[in-house]
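Single-structure report; data block below.
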Amino acid sequence: MSSTKDKLKTNYEITWCPGCPDFMILESAKKAFSDLIEQKFCRHEDISIVTGIGCHAKIFDYLNVSGIYGLHGRVLPTALGVKLGNPNLSVVGFAGDGDTYAEGMEHFIHAGRYNADMTLVVHDNRAFSLTTGQATPTSQQGYKTKAEPLGEFNIPLNPIKLALASGVTFIARCNAKNIEHTAEILKKAIKHKGFSFVEIMQDCLIFNTEINNLDKLMHEVENKNDMKKAQELADEWNYNTKTGKIPVGVLYETHRPTLEEEWPQLQNLLKKKIGWKDLKR
Ligand SMILES: Cc1ncc(C[n+]2csc(CCOP(=O)(O)OP(=O)(O)O)c2C)c(N)n1
Ligand SMILES: [Mg+2]
């Protein structure tokens with residue numbers, strides 16, 4: 001008999017570059033989903049994923065769960081549509097750094113404000129990798145690409161600071177290479193009631209290689225409800241250097257009413273349970 005985790009596999013040929021940390025994120029996601037199913041937090045059919053377009057988005061083909069393979073930059077509005085259609089689902093978006101912080105930036109800010117009960121996982125390899133490595137908002141200054149042969153001039157964005165400013169109620173960062181830790185963080189994020197954001201630091205073996213292997217700078221933290229501490233943690237690293245300290249773990253968690261709780265029609269949908277059992281309450 002196959003295990004819960006085996007049931008999350010598909011038979012598609014995996015076309016990521018050999019050794020890409022996307023394999024590790026896939027493993028973490030399978031572990032997190034199977035643990036949540038086994039703990040009866042949700043059923044296999046209650047999980048719905050949405051992806052963007054990019055290397056990261058191929059995860060859609062490799063996870064045997066329902067969902068929508070979306071458009072570049074539009075993971076969050078699509079995920080929100082799924083959530084509004086059936087608020088009993090555990091909705092998880094897998095997006096790229098280009099996807100989220102460039103093409104989809106406006107959605108990121110508003111997702112924080114709305115606080116719908118769903119999760120965004122960003123595979124942050126600090127490059128538009130599928131389209132051969134152009135600089136994204138989290139690429140370091142000086143990053144030379146075919147499109148920017150003189151090097152990236154602009155300062156990088158710090159998505160953790162932006163998430164804090166946008167009202168995101170769960171903010172975590174992890175290292176793709178640490179599968180166990182990433183799976184634990186993903187479980188916490190999915191269990192969090194409200195919008196959760198997981199920034200996964202991911203090496204790209206082909207393009208922005210200069211910023212790979214920052215593992216030694218990383219240290220694990222756990223911070224809840226302390227905004228000042230969260231801001232200090234966000235400031236520990238500016239996405240521009242190979243020095244400094246990079247906090248990983250839950251950087252901030254707080255609670256405020258979700259979009260579903262504020263919206264009477266959604267309350268009615270939740271009560272109807274339309275074939276799904278709401279196990280969170
Ligand atoms: C609206 C739109 N703009 C641009 C593209 C071209 N495009 C497809 S994938 C991609 C890069 C994706 O980069 P990222 O989101 O960082 O994902 P990665 O490949 O690094 O995982 C781009 C620019 C597109 N498909 N749609
Ligand atoms: Mg990328």
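By order in the structure tokens, chains are A, B, ...; within a chain, residues start at 1; ligands start at 1, following the order shown.
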
**Report entry** Residues within 12 Å of A:Cys55, only C-alpha atoms, excluding chain neighbours under 5 positions, as a PyMOL selection string
**Finding:** chain A and resi 14-17+20-23+25-26+60-61+72+94-99+122-125+127-133+202+204

Requested in this report: Show which residues sit within 9 Å of A:Arg173, as a list of chain:residue names. Count only C-alpha atoms, and ignore same-chain residues fewer than 2 positions away.
Outcome: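 Using only C-alpha atoms, the neighbours found are A:Ile160, A:Ile171, A:Asn175, A:Thr182, A:Ile185, A:Phe197, A:Val198, A:Glu199, A:Ile200, A:Met201, A:Pro247, A:Val248, A:Gly249, A:Val250, A:Leu251.
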
Restricted to C-alpha atoms, what would the selected residues look like written as an mmCIF file, in the first residue's frame?
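Ended up saving to selection.cif:
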data_model
loop_
_atom_site.group_PDB
_atom_site.id
_atom_site.type_symbol
_atom_site.label_atom_id
_atom_site.label_comp_id
_atom_site.auth_asym_id
_atom_site.auth_seq_id
_atom_site.Cartn_x
_atom_site.Cartn_y
_atom_site.Cartn_z
ATOM 1 C CA ILE A 160 10.526 40.702 4.566
ATOM 2 C CA ILE A 171 6.277 35.813 7.758
ATOM 3 C CA ASN A 175 16.771 27.628 3.278
ATOM 4 C CA THR A 182 11.388 24.038 5.389
ATOM 5 C CA ILE A 185 7.829 26.049 8.386
ATOM 6 C CA PHE A 197 4.259 34.157 3.439
ATOM 7 C CA VAL A 198 7.274 31.836 3.240
ATOM 8 C CA GLU A 199 10.377 33.208 1.539
ATOM 9 C CA ILE A 200 12.601 30.263 0.564
ATOM 10 C CA MET A 201 16.214 31.187 -0.184
ATOM 11 C CA PRO A 247 17.637 34.941 10.083
ATOM 12 C CA VAL A 248 15.585 31.897 9.054
ATOM 13 C CA GLY A 249 12.481 30.555 10.777
ATOM 14 C CA VAL A 250 9.299 32.353 11.777
ATOM 15 C CA LEU A 251 10.254 36.031 11.686
#

Query raised in the report: Near A:Gly142, within 8 Å and counting only C-alpha atoms, which residues show up once chain neighbours fewer than 3 positions away are dropped, as a ChimeraX atom specification?
Result: /A:150-153

Requested in this report: Might you pull out every residue within 12 Å of A:Phe108, with only C-alpha atoms counted and same-chain residues fewer than 5 positions away left off, and present them as an NGL selection string?
Outcome: :A and (73-77 or 79-80 or 93 or 95 or 97 or 99-103 or 113-116 or 119-122 or 159-160 or 162-168 or 195-197)

Report task. May I have all residues of stretch 130-195 of chain A that DSSP, computed from the backbone, assigns to strand (DSSP E or B), given as a PyMOL selection string? Result -> chain A and resi 134+170-175

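Ranking A:Thr258, A:Ser139, A:Thr243, A:Ser34 by their shortest atom-to-atom distance to A:Lys216, with only C-alpha atoms included, puts A:Thr243 first.
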
Query raised in the report: Which of these residues is nearest to A:Leu157, using only C-alpha atoms: A:Leu270, A:Ala29, A:Met105, A:Ala183?
Result: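 The shortest atom-to-atom distance to A:Leu157 comes from A:Met105.
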
Requested in this report: Can you check which residues of stretch 99-241 of chain A DSSP gives as alpha helix (DSSP H) on the backbone and send them as JSON, numbers by chain?
Outcome: {"A": [105, 106, 107, 108, 109, 110, 111, 112, 113, 114, 159, 160, 161, 162, 163, 164, 165, 166, 179, 180, 181, 182, 183, 184, 185, 186, 187, 188, 189, 190, 191, 227, 228, 229, 230, 231, 232, 233, 234, 235]}

Query - Atomic separation - atom CA of A:Lys187 relative to atom CA of A:Phe41, Å - result: 9.9 Å
